[in-house]
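So this block is final.txt, compact mmCIF, C-alpha atoms:
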# COMPACT_ATOMS: atom_id res chain seq x y z
CA MET A 4 -6.51 -12.53 21.21
CA ARG A 5 -9.95 -11.75 22.60
CA GLU A 6 -10.63 -8.16 23.50
CA ASP A 7 -11.90 -9.20 26.94
CA THR A 8 -8.54 -10.73 27.97
CA LEU A 9 -7.33 -7.24 28.90
CA THR A 10 -8.79 -5.30 31.79
CA VAL A 11 -6.32 -2.44 31.84
CA ASN A 12 -7.54 1.14 31.83
CA SER A 13 -6.61 2.73 28.53
CA PHE A 14 -5.65 6.06 30.03
CA HIS A 15 -3.41 4.59 32.73
CA THR A 16 -1.08 2.52 30.56
CA SER A 17 0.38 5.17 28.32
CA GLY A 18 3.82 4.85 29.90
CA SER A 19 6.24 7.73 29.87
CA SER A 20 5.47 11.36 30.47
CA PRO A 21 4.99 13.67 27.47
CA THR A 22 8.44 15.18 28.08
CA GLY A 23 10.36 11.88 28.17
CA PRO A 24 11.41 9.51 25.40
CA CYS A 25 8.59 7.89 23.48
CA ARG A 26 8.77 4.17 24.24
CA VAL A 27 8.19 1.76 21.37
CA GLY A 28 7.15 -1.89 21.39
CA LEU A 29 7.60 -3.99 18.27
CA LEU A 30 5.30 -6.86 17.23
CA GLY A 31 7.19 -9.02 14.75
CA PHE A 32 10.88 -9.25 13.94
CA GLY A 33 10.87 -10.20 10.28
CA THR A 34 12.15 -8.15 7.35
CA VAL A 35 10.33 -4.96 8.33
CA GLY A 36 10.48 -5.39 12.10
CA SER A 37 14.22 -6.02 12.13
CA ALA A 38 14.82 -3.01 9.85
CA VAL A 39 12.84 -0.78 12.22
CA ALA A 40 14.70 -2.16 15.24
CA ARG A 41 18.05 -1.58 13.56
CA ARG A 42 17.18 2.03 12.80
CA LEU A 43 15.89 2.72 16.30
CA THR A 44 18.89 1.17 18.04
CA SER A 45 21.83 2.12 15.83
CA GLU A 46 21.21 5.77 15.00
CA PRO A 47 21.41 8.78 17.30
CA ALA A 48 18.20 10.76 17.67
CA ALA A 49 17.92 13.13 14.71
CA THR A 50 15.01 15.07 16.17
CA PRO A 51 14.07 16.39 19.61
CA PHE A 52 11.37 13.71 19.73
CA ALA A 53 13.35 10.76 21.05
CA LEU A 54 12.19 7.23 20.26
CA GLU A 55 13.29 4.39 22.53
CA LEU A 56 12.77 0.75 21.54
CA THR A 57 12.01 -1.09 24.77
CA HIS A 58 10.12 -4.29 23.83
CA ILE A 59 10.22 -6.81 20.97
CA PHE A 60 7.70 -9.61 20.49
CA ASP A 61 8.31 -12.52 18.16
CA ARG A 62 7.39 -16.19 18.36
CA ARG A 63 11.12 -16.95 17.96
CA ALA A 64 12.23 -14.00 20.04
CA HIS A 65 15.09 -15.68 21.85
CA ALA A 66 16.65 -17.15 18.74
CA LYS A 67 16.33 -13.86 16.88
CA ARG A 68 17.73 -11.93 19.83
CA ASP A 69 20.90 -14.00 19.66
CA GLY A 70 21.27 -13.16 15.98
CA PHE A 71 20.63 -9.43 16.36
CA ALA A 72 24.01 -7.71 16.14
CA GLU A 73 22.93 -4.76 18.27
CA THR A 74 21.83 -6.91 21.23
CA ALA A 75 25.20 -6.98 23.03
CA ALA A 76 25.59 -3.21 22.97
CA LEU A 77 22.04 -2.67 24.25
CA GLY A 78 22.37 -5.04 27.18
CA SER A 79 19.08 -5.24 29.08
CA LYS A 80 17.51 -2.12 27.55
CA ILE A 81 15.23 -4.21 25.32
CA THR A 82 12.84 -6.83 26.63
CA TRP A 83 12.47 -9.73 24.17
CA THR A 84 9.34 -11.83 24.62
CA THR A 85 7.20 -14.53 23.04
CA ARG A 86 4.09 -13.20 24.82
CA VAL A 87 2.09 -10.39 23.25
CA ASP A 88 0.58 -9.52 26.63
CA ASP A 89 4.05 -8.55 27.88
CA ILE A 90 3.95 -5.62 25.45
CA LEU A 91 0.28 -4.79 25.87
CA THR A 92 0.62 -4.49 29.65
CA SER A 93 3.98 -2.69 29.53
CA ASP A 94 4.67 1.04 29.67
CA VAL A 95 5.28 1.43 25.92
CA ASP A 96 3.60 4.43 24.29
CA ILE A 97 3.44 3.10 20.72
CA VAL A 98 3.10 -0.41 19.34
CA VAL A 99 4.47 -1.15 15.86
CA GLU A 100 2.50 -3.99 14.24
CA ALA A 101 4.73 -5.80 11.72
CA ILE A 102 3.62 -9.41 12.01
CA GLY A 103 1.82 -9.87 8.68
CA GLY A 104 -1.39 -11.83 8.20
CA THR A 105 -4.75 -10.30 9.01
CA ASP A 106 -6.64 -11.89 11.90
CA GLU A 107 -3.93 -11.66 14.55
CA ALA A 108 -2.78 -8.28 13.29
CA VAL A 109 -6.30 -6.86 13.68
CA ALA A 110 -6.85 -8.49 17.07
CA TRP A 111 -3.53 -7.23 18.46
CA THR A 112 -4.02 -3.75 17.02
CA ARG A 113 -7.40 -3.59 18.75
CA ALA A 114 -5.90 -4.88 21.99
CA ALA A 115 -3.08 -2.32 21.85
CA LEU A 116 -5.52 0.54 21.33
CA LEU A 117 -7.68 -0.73 24.18
CA ALA A 118 -4.56 -0.84 26.35
CA GLY A 119 -3.93 2.84 25.70
CA LYS A 120 -1.19 2.50 23.10
CA SER A 121 -1.05 4.30 19.80
CA VAL A 122 -0.35 1.95 16.91
CA VAL A 123 1.73 2.14 13.75
CA THR A 124 0.96 -0.67 11.30
CA CYS A 125 2.48 -1.90 8.05
CA ASN A 126 -0.46 -4.18 7.34
CA LYS A 127 -2.34 -3.11 4.22
CA GLN A 128 -4.87 -5.97 4.40
CA ALA A 129 -5.76 -5.16 8.00
CA VAL A 130 -6.25 -1.47 7.21
CA ALA A 131 -8.12 -2.13 3.96
CA GLN A 132 -10.54 -4.57 5.58
CA HIS A 133 -10.84 -3.21 9.12
CA GLY A 134 -9.39 0.30 8.98
CA PRO A 135 -12.62 2.27 9.60
CA ALA A 136 -13.46 0.31 12.76
CA LEU A 137 -9.89 0.50 14.05
CA LEU A 138 -9.71 4.25 13.42
CA GLN A 139 -12.97 4.76 15.27
CA LEU A 140 -11.59 2.76 18.19
CA ALA A 141 -8.40 4.85 18.19
CA THR A 142 -10.46 8.04 18.32
CA ARG A 143 -12.58 6.68 21.14
CA GLN A 144 -9.48 5.72 23.11
CA GLY A 145 -7.79 9.06 22.53
CA ARG A 146 -4.92 7.41 20.67
CA GLN A 147 -3.58 7.38 17.12
CA LEU A 148 -3.47 4.72 14.40
CA ARG A 149 -1.05 5.50 11.57
CA PHE A 150 -0.37 3.40 8.48
CA GLU A 151 1.89 5.20 6.00
CA ALA A 152 3.95 2.01 5.61
CA ALA A 153 0.87 0.04 4.58
CA VAL A 154 0.55 1.74 1.18
CA GLY A 155 3.57 3.27 -0.50
CA GLY A 156 6.67 2.21 1.38
CA ALA A 157 8.98 5.23 1.37
CA MET A 158 6.62 7.07 -1.01
CA PRO A 159 4.55 9.19 1.42
CA ILE A 160 1.24 8.89 -0.38
CA VAL A 161 -0.94 8.42 2.73
CA ARG A 162 0.17 11.74 4.18
CA ALA A 163 0.08 13.41 0.75
CA VAL A 164 -3.52 12.40 0.07
CA GLY A 165 -4.87 12.52 3.62
CA GLU A 166 -3.19 15.74 4.74
CA GLY A 167 -1.20 17.49 2.03
CA LEU A 168 -4.10 17.53 -0.46
CA ALA A 169 -6.89 17.88 2.09
CA GLY A 170 -7.60 21.34 0.69
CA ASP A 171 -8.28 19.98 -2.79
CA ARG A 172 -10.91 17.62 -4.18
CA VAL A 173 -9.09 14.60 -5.50
CA THR A 174 -10.71 13.26 -8.64
CA SER A 175 -8.42 10.37 -9.58
CA ILE A 176 -5.36 8.40 -8.59
CA ALA A 177 -3.22 6.30 -10.92
CA ALA A 178 -0.33 4.53 -9.26
CA ILE A 179 2.25 1.78 -9.22
CA LEU A 180 1.71 0.43 -5.71
CA ASN A 181 3.52 -2.90 -5.71
CA GLY A 182 7.30 -2.74 -5.76
CA THR A 183 7.67 -6.47 -6.24
CA THR A 184 5.67 -6.61 -9.46
CA ASN A 185 7.32 -3.46 -10.74
CA ALA A 186 10.76 -4.96 -10.13
CA VAL A 187 9.73 -8.08 -12.06
CA LEU A 188 8.15 -6.27 -15.02
CA SER A 189 10.88 -3.66 -15.38
CA ARG A 190 13.57 -6.35 -15.33
CA MET A 191 11.69 -8.32 -18.00
CA GLU A 192 11.67 -5.15 -20.09
CA ALA A 193 15.35 -4.32 -19.55
CA GLN A 194 16.81 -7.83 -19.82
CA ARG A 195 14.23 -9.39 -22.17
CA CYS A 196 14.01 -12.34 -19.83
CA PRO A 197 11.03 -14.56 -18.89
CA LEU A 198 8.93 -13.63 -15.89
CA ALA A 199 10.26 -16.61 -13.92
CA HIS A 200 13.83 -15.35 -14.25
CA ALA A 201 12.89 -11.80 -13.28
CA LEU A 202 10.94 -13.11 -10.29
CA ALA A 203 13.88 -15.22 -9.10
CA ASP A 204 16.07 -12.13 -9.25
CA ALA A 205 13.56 -10.12 -7.19
CA GLN A 206 13.40 -12.90 -4.60
CA ALA A 207 17.20 -13.05 -4.40
CA ARG A 208 17.30 -9.30 -3.76
CA GLY A 209 14.68 -9.52 -1.03
CA TYR A 210 11.94 -7.74 -3.00
CA ALA A 211 9.65 -10.74 -3.44
CA GLU A 212 8.19 -13.36 -1.12
CA ALA A 213 8.52 -17.09 -1.70
CA ASP A 214 4.86 -16.99 -2.80
CA PRO A 215 4.50 -13.85 -4.95
CA SER A 216 0.90 -14.47 -6.01
CA ALA A 217 -0.61 -11.65 -3.92
CA ASP A 218 1.80 -9.23 -5.59
CA LEU A 219 1.54 -10.45 -9.19
CA ASP A 220 -2.22 -11.03 -9.04
CA GLY A 221 -2.87 -7.48 -7.83
CA ILE A 222 -4.25 -8.45 -4.40
CA ASP A 223 -1.62 -6.38 -2.59
CA ALA A 224 -2.16 -3.31 -4.78
CA ARG A 225 -5.94 -3.72 -4.50
CA ALA A 226 -5.78 -3.44 -0.70
CA LYS A 227 -3.63 -0.32 -1.00
CA LEU A 228 -6.03 1.19 -3.52
CA THR A 229 -8.89 0.53 -1.10
CA ILE A 230 -7.09 2.58 1.54
CA LEU A 231 -6.49 5.40 -0.92
CA CYS A 232 -10.18 5.44 -1.89
CA ALA A 233 -11.03 6.12 1.76
CA LEU A 234 -8.44 8.88 2.05
CA ALA A 235 -9.04 10.55 -1.32
CA PHE A 236 -12.78 10.13 -1.84
CA GLY A 237 -14.16 9.39 1.63
CA LEU A 238 -15.37 6.01 0.38
CA ARG A 239 -15.62 2.70 2.16
CA VAL A 240 -14.95 0.01 -0.41
CA ASP A 241 -14.70 -3.73 0.07
CA PRO A 242 -11.38 -4.81 -1.50
CA ASP A 243 -13.06 -7.74 -3.24
CA ARG A 244 -15.18 -5.31 -5.26
CA ILE A 245 -12.12 -3.83 -6.97
CA GLU A 246 -11.47 -5.88 -10.08
CA THR A 247 -7.94 -7.15 -10.67
CA ARG A 248 -6.04 -8.89 -13.44
CA THR A 249 -2.86 -10.80 -12.93
CA SER A 250 0.58 -9.96 -14.25
CA ALA A 251 1.73 -13.57 -13.96
CA GLY A 252 1.08 -14.30 -17.65
CA ILE A 253 3.04 -11.37 -19.10
CA THR A 254 5.67 -12.41 -21.66
CA VAL A 255 8.58 -10.75 -23.43
CA GLN A 256 6.40 -10.73 -26.56
CA ASP A 257 3.89 -8.57 -24.72
CA PHE A 258 6.62 -6.00 -24.11
CA ASP A 259 7.50 -6.11 -27.81
CA ASP A 260 3.87 -5.51 -28.72
CA ALA A 261 3.65 -2.59 -26.29
CA ALA A 262 6.83 -1.09 -27.74
CA LEU A 263 5.24 -1.05 -31.21
CA CYS A 264 2.76 1.54 -29.99
CA GLY A 265 5.31 3.54 -28.00
CA GLY A 266 4.74 2.05 -24.59
CA THR A 267 5.78 -0.49 -22.00
CA ILE A 268 3.96 -2.53 -19.36
CA ARG A 269 3.47 -1.78 -15.67
CA GLN A 270 1.00 -2.97 -13.04
CA VAL A 271 -1.24 0.06 -12.53
CA ALA A 272 -3.82 0.69 -9.81
CA TYR A 273 -6.44 3.23 -10.81
CA ALA A 274 -9.35 4.89 -9.05
CA ALA A 275 -11.56 7.83 -9.97
CA TYR A 276 -14.74 9.04 -8.34
CA GLU A 277 -17.67 10.98 -9.77
CA PRO A 278 -19.50 12.19 -6.63
CA ALA A 279 -22.55 13.58 -8.44
CA ALA A 280 -23.32 10.13 -9.85
CA SER A 281 -21.74 8.25 -6.91
CA VAL A 282 -19.73 6.19 -9.39
CA LEU A 283 -16.31 4.80 -8.50
CA THR A 284 -14.08 3.44 -11.23
CA ALA A 285 -11.40 1.22 -9.74
CA TRP A 286 -9.15 -1.57 -11.01
CA VAL A 287 -5.66 -3.07 -10.80
CA ALA A 288 -4.12 -4.55 -13.95
CA PRO A 289 -0.96 -4.79 -16.05
CA SER A 290 -1.33 -1.86 -18.41
CA VAL A 291 0.39 -0.26 -21.37
CA VAL A 292 1.88 3.12 -20.36
CA PRO A 293 3.63 5.68 -22.60
CA ARG A 294 7.38 5.22 -22.92
CA GLY A 295 8.17 8.72 -21.63
CA SER A 296 5.72 8.68 -18.74
CA LEU A 297 6.50 8.65 -15.03
CA PHE A 298 5.29 5.05 -14.82
CA ALA A 299 7.54 3.83 -17.63
CA GLN A 300 10.51 5.46 -15.94
CA THR A 301 9.65 3.81 -12.62
CA THR A 302 11.88 0.73 -12.45
CA GLY A 303 12.97 -1.80 -9.87
CA PRO A 304 11.10 -1.90 -6.54
CA GLN A 305 9.89 1.66 -6.96
CA ASN A 306 6.40 3.05 -6.52
CA ALA A 307 4.91 6.04 -8.30
CA ALA A 308 1.62 7.90 -8.29
CA VAL A 309 -0.17 10.64 -10.19
CA ILE A 310 -2.88 12.26 -8.07
CA THR A 311 -5.28 14.60 -9.87
CA GLY A 312 -7.21 17.28 -8.03
CA THR A 313 -9.81 19.80 -9.08
CA PHE A 314 -7.69 22.79 -8.11
CA ALA A 315 -4.05 21.64 -7.95
CA GLY A 316 -4.13 19.52 -11.09
CA GLU A 317 -1.67 16.62 -11.26
CA ILE A 318 0.65 15.88 -8.34
CA SER A 319 3.34 13.23 -8.86
CA LEU A 320 5.06 11.13 -6.22
CA SER A 321 7.63 8.35 -6.39
CA GLY A 322 9.82 6.38 -4.02
CA ALA A 323 11.05 2.96 -2.96
CA GLY A 324 8.14 0.60 -2.45
CA ALA A 325 9.66 -2.74 -1.39
CA GLY A 326 12.24 -3.88 1.11
CA GLY A 327 12.65 -3.52 4.85
CA GLY A 328 14.65 -0.32 4.68
CA ALA A 329 12.07 1.58 2.64
CA THR A 330 9.19 0.41 4.83
CA ALA A 331 11.13 1.33 7.96
CA VAL A 332 11.34 4.92 6.71
CA ALA A 333 7.54 5.13 6.68
CA VAL A 334 7.21 3.42 10.08
CA ILE A 335 9.67 5.74 11.77
CA SER A 336 8.03 8.78 10.16
CA ASP A 337 4.74 7.71 11.72
CA LEU A 338 6.44 7.11 15.07
CA LEU A 339 7.87 10.63 15.00
CA ALA A 340 4.49 12.10 14.04
CA ILE A 341 2.95 10.52 17.13
CA ALA A 342 5.91 11.43 19.36
CA ARG A 343 5.53 15.11 18.42
CA ASP A 344 2.12 15.17 20.06
CA ARG A 345 1.18 12.06 21.96
CA ALA A 346 -2.02 13.69 23.19
CA ALA A 347 -3.32 14.41 19.69
CA ILE A 348 -6.62 12.81 18.75
CA VAL A 349 -7.23 12.30 15.03
CA PRO A 350 -11.00 12.02 14.45
CA ALA A 351 -12.02 9.07 12.30
CA ALA A 352 -13.41 10.15 8.96
CA THR A 353 -17.03 9.44 8.07
CA LEU A 354 -17.05 7.20 5.00
CA SER A 355 -19.84 6.50 2.54
CA ARG A 356 -20.27 3.72 0.01
CA PRO A 357 -20.42 4.42 -3.72
CA ASP A 358 -23.64 3.48 -5.49
CA THR A 359 -21.71 1.94 -8.40
CA ILE A 360 -18.23 0.48 -8.78
CA ILE A 361 -16.90 0.01 -12.31
CA GLY A 362 -14.02 -2.28 -13.18
CA PHE A 363 -13.49 -4.30 -16.34
CA THR A 364 -16.90 -5.92 -16.47
CA THR A 365 -19.50 -4.99 -19.08
CA ILE A 366 -21.44 -1.89 -18.05
CA ASP A 367 -24.50 -0.28 -19.49
CA ALA A 368 -24.17 2.77 -21.75
CA GLU A 369 -25.64 5.19 -19.20
CA THR A 370 -23.18 4.17 -16.49
CA ALA A 371 -20.32 4.20 -18.97
CA ALA A 372 -21.20 7.72 -20.04
CA ALA A 373 -21.29 8.86 -16.41
CA ALA A 374 -17.86 7.36 -15.81
CA GLU A 375 -16.33 8.55 -19.09
CA LYS A 376 -14.65 11.56 -17.50
CA THR A 377 -12.86 9.44 -14.91
CA PHE A 378 -10.41 7.79 -17.31
CA LEU A 379 -6.97 9.23 -17.95
CA ARG A 380 -7.47 11.33 -21.06
CA GLY A 381 -3.79 11.82 -21.75
CA LEU A 382 -3.11 8.10 -22.00
CA ARG A 383 -6.17 6.62 -23.68
CA GLU A 384 -5.01 7.49 -27.21
CA LEU A 385 -1.71 5.63 -26.79
CA CYS A 386 -2.88 2.42 -28.46
CA PRO A 387 -5.26 1.98 -31.39
CA SER A 388 -8.62 0.42 -30.68
CA THR A 389 -7.50 -2.82 -32.26
CA LEU A 390 -4.06 -4.28 -31.62
CA PRO A 391 -2.59 -7.28 -33.45
CA ASP A 392 -1.99 -10.60 -31.76
CA HIS A 393 1.41 -12.30 -31.91
CA GLN A 394 0.85 -13.38 -35.51
CA GLY A 395 -0.02 -9.86 -36.68
CA ARG A 396 -3.78 -10.43 -36.90
CA PRO A 397 -6.45 -8.80 -34.77
CA GLU A 398 -7.48 -11.30 -32.12
CA PRO A 399 -11.17 -12.20 -32.40
CA GLY A 400 -13.27 -10.80 -29.60
CA ARG A 401 -10.54 -8.49 -28.32
CA GLY A 402 -9.32 -5.02 -29.03
CA ALA A 403 -12.43 -3.40 -30.44
CA THR A 404 -13.79 -0.75 -28.09
CA ARG A 405 -17.51 -1.07 -27.50
CA ALA A 406 -19.67 2.02 -27.50
CA GLY A 407 -19.20 4.08 -24.38
CA HIS A 408 -16.09 2.21 -23.24
CA ARG A 409 -12.45 3.26 -23.12
CA ALA A 410 -9.30 1.35 -22.36
CA PRO A 411 -7.71 2.30 -19.04
CA VAL A 412 -4.17 3.65 -19.34
CA GLY A 413 -3.84 2.67 -22.96
CA GLY A 414 -5.04 -0.90 -22.65
CA CYS A 415 -4.89 -3.85 -20.30
CA VAL A 416 -2.58 -6.78 -20.91
CA GLU A 417 -4.34 -10.06 -20.37
CA ARG A 418 -3.50 -13.70 -21.07
CA GLY A 419 -0.47 -12.93 -23.21
CA VAL A 420 -2.01 -10.34 -25.50
CA ILE A 421 -2.65 -6.64 -25.28
CA ALA A 422 -6.38 -5.95 -25.24
CA GLU A 423 -8.74 -3.18 -24.40
CA ALA A 424 -9.95 -3.55 -20.82
CA VAL A 425 -13.72 -3.44 -20.95
What does the file become when written as C-alpha cells?
Amino acid sequence: MREDTLTVNSFHTSGSSPTGPCRVGLLGFGTVGSAVARRLTSEPAATPFALELTHIFDRRAHAKRDGFAETAALGSKITWTTRVDDILTSDVDIVVEAIGGTDEAVAWTRAALLAGKSVVTCNKQAVAQHGPALLQLATRQGRQLRFEAAVGGAMPIVRAVGEGLAGDRVTSIAAILNGTTNAVLSRMEAQRCPLAHALADAQARGYAEADPSADLDGIDARAKLTILCALAFGLRVDPDRIETRTSAGITVQDFDDAALCGGTIRQVAYAAYEPAASVLTAWVAPSVVPRGSLFAQTTGPQNAAVITGTFAGEISLSGAGAGGGATAVAVISDLLAIARDRAAIVPAATLSRPDTIIGFTTIDAETAAAAEKTFLRGLRELCPSTLPDHQGRPEPGRGATRAGHRAPVGGCVERGVIAEAV
C-alpha cells in the first residue's frame, strides 16, 4: 500500500476517548492472530485498561469468521474485512500486525501510524530491517510502536533490555532466540533421533513451519539479535552482516561428541559490544554449551537469555518462544502498555553503526585482541582446542585455535563435526 493512498489526519482518527475501551484492529488471522483474537474475546478484562477487539482483516476473512468459535457469541461486535483500508480508516486505537512477510507488513505499519494508530507487531524481519524508520515515524505521529512479540515470545526480553536494564550498560547478550530450532535440537538430544524426525514432531505440535529453513539456518534468530543490538548497544546493524551457521546438518553423533566434553548443542545467538573500539561481535550458530547451564536446560520451544551488564552482572531470562499462545502473551502485554497511556510518546533512540563487526570470518590479530573481552569467559574452556572427528582423529584444518581467536560458547558445530568457530 502506498503511503499517499491515505489522506486522513493522524490526530483525528484515534477513535475512542482516553477513558473508554481501547479499540483493537487485527491484521492477519493465522496462528498468532487467531490466538490474540481468542484471548481478547474469551476472557474478562483482568485490568482496568479494557481492550476491545473491533476489526479483523484477513484475505480469507469470511471463511475464517465462519470457523471462529467465538463469532456467534460476539454477534456484530467485530467487523471482518478483506480490505486493509477498512481498518486504517476505522476508529481503532491500536493495530496489531500479524500478517508475516516483510514488504506488506512494513507498508501497512507505516500506513497505520500515518492514520493515527499505535501499532503492535510480531514481525521480527520488519523491525530488524525497518525498525529505526518506523520508530521515528511513530514518534513524529505521536503514537507508539511496540514489538515485544517480535523477539522472545513470552520471554520479555525487549522490555528487559530496553527498559528494565536501561540504568546499566549492557556488554553482552547470549541467547536461545528460536523456539523451533530449540525444540528440534532438544528432542534430538533426548530421543537420539535424526533431525528429520525431530522436525516432523515440532511441525505436528505447531512449533515449526512447513519450510523451517529460516529457523534452522539462523535467519530468524539473526533478525531478533539485530533488534537486541539496537536496544542493548544503541547500534544499527544490517541483519545480513551478522554471520550465521545452520543447524540443519546436526546429527546424533554430534550430540555424542558434545557429551564427551560435558556439553550439549543449542542454537545460540551472541552479541557483545566494545564501545571504545566500536567493535561488535555478533553471530548465530549451533554451539556446544555446558551440560548444567541455563541453555542446556532449555528444552522444547523455550527461549533463554543471559544478559551481562557492567553494574548488574548477569541477568537470566527464559520463557516459551514458539506457538500462538506464547506470542499472544507478548502482544497483549504490549496492547495493555499502550492502553495504560495512549497519549504517551516514546522518543526514537538515536542509533550509530559499529566500525567493525566480527563473526566467524578470519580477523586480524589487532581486531581479535580488541574483541577478546567480548567472548563468554565462563564457557570458552568447555572444549579442548582440538576435538576428534567421528573416527577419533583430529580433523585436518579444524579445531586448532589460531592466535588471538577463541571459540564462542565452547565451539561451533558445523557440517557434522564440532569445530572451533573462527
Within 10 Å of Thr112 in chain A using all atoms listed in the file, minus same-chain residues under 6 positions, as a list in words: Leu30, Leu91, Val98, Val99, Glu100, Asp106, Ala118, Lys120, Ser121, Val122, Val123, Thr124, Ala129, Leu137, Ala141 and Leu148 of chain A
Considering all atoms listed in the file, return as a PyMOL selection string whatever protein or nucleic-acid residues lie within 8 Å of range 212-226 of chain A, sequence-local ones (same chain, fewer than 2 positions apart) excluded. chain A and resi 127-128+131-132+180-181+183-184+206+209-210+228-230+242+245+247-251+270+272+286-288
With distances taken over all atoms listed in the file, which residue among A:Asn306, A:Thr57, A:Thr92, A:Thr301 lies nearest Arg190 in chain A?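 Using all atoms listed in the file, the shortest distance to Arg190 in chain A belongs to A:Thr301.
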Report the distance between CA of Arg26 in chain A and CA of Gln139 in chain A in Å, rounded to one decimal place.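 According to the coordinates, CA of Arg26 in chain A and CA of Gln139 in chain A are separated by 23.5 Å.
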Identify which of the residues A:Ile102, A:Cys25, A:Val271, A:Ile81 lies closest to Arg62 in chain A, counting only C-alpha atoms when measuring atom-to-atom distances. A:Ile102
Just checking: using all atoms listed in the file, which residue out of A:Gly31, A:Gly237, A:Gly265, A:Gly182 ends up closest to Gly156 in chain A?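 For Gly156 in chain A, the nearest of the given residues is A:Gly182.
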Could you state the separation of CA of Arg143 in chain A and CA of Ala346 in chain A in Å, given to one decimal place? 12.8 Å
Measuring between all atoms listed in the file, which one of A:Gly23, A:Pro159, A:Pro278, A:Gly103 shows the shortest distance to Arg172 in chain A?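 Between A:Gly23, A:Pro159, A:Pro278, A:Gly103, the residue approaching Arg172 in chain A most closely is A:Pro278.
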So, with only C-alpha atoms as the atoms that count, which of A:Ala136, A:Val282, A:Ala308, A:Lys80 lies closest to Leu354 in chain A?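 Looking only at the distances to Leu354 in chain A, the closest residue turns out to be A:Ala136.
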Name the closest residue to Ser296 in chain A among the candidates A:Ala325, A:Leu338, A:Ala178, A:Ala152; distances are taken between atoms, counting all atoms listed in the file. A:Ala178
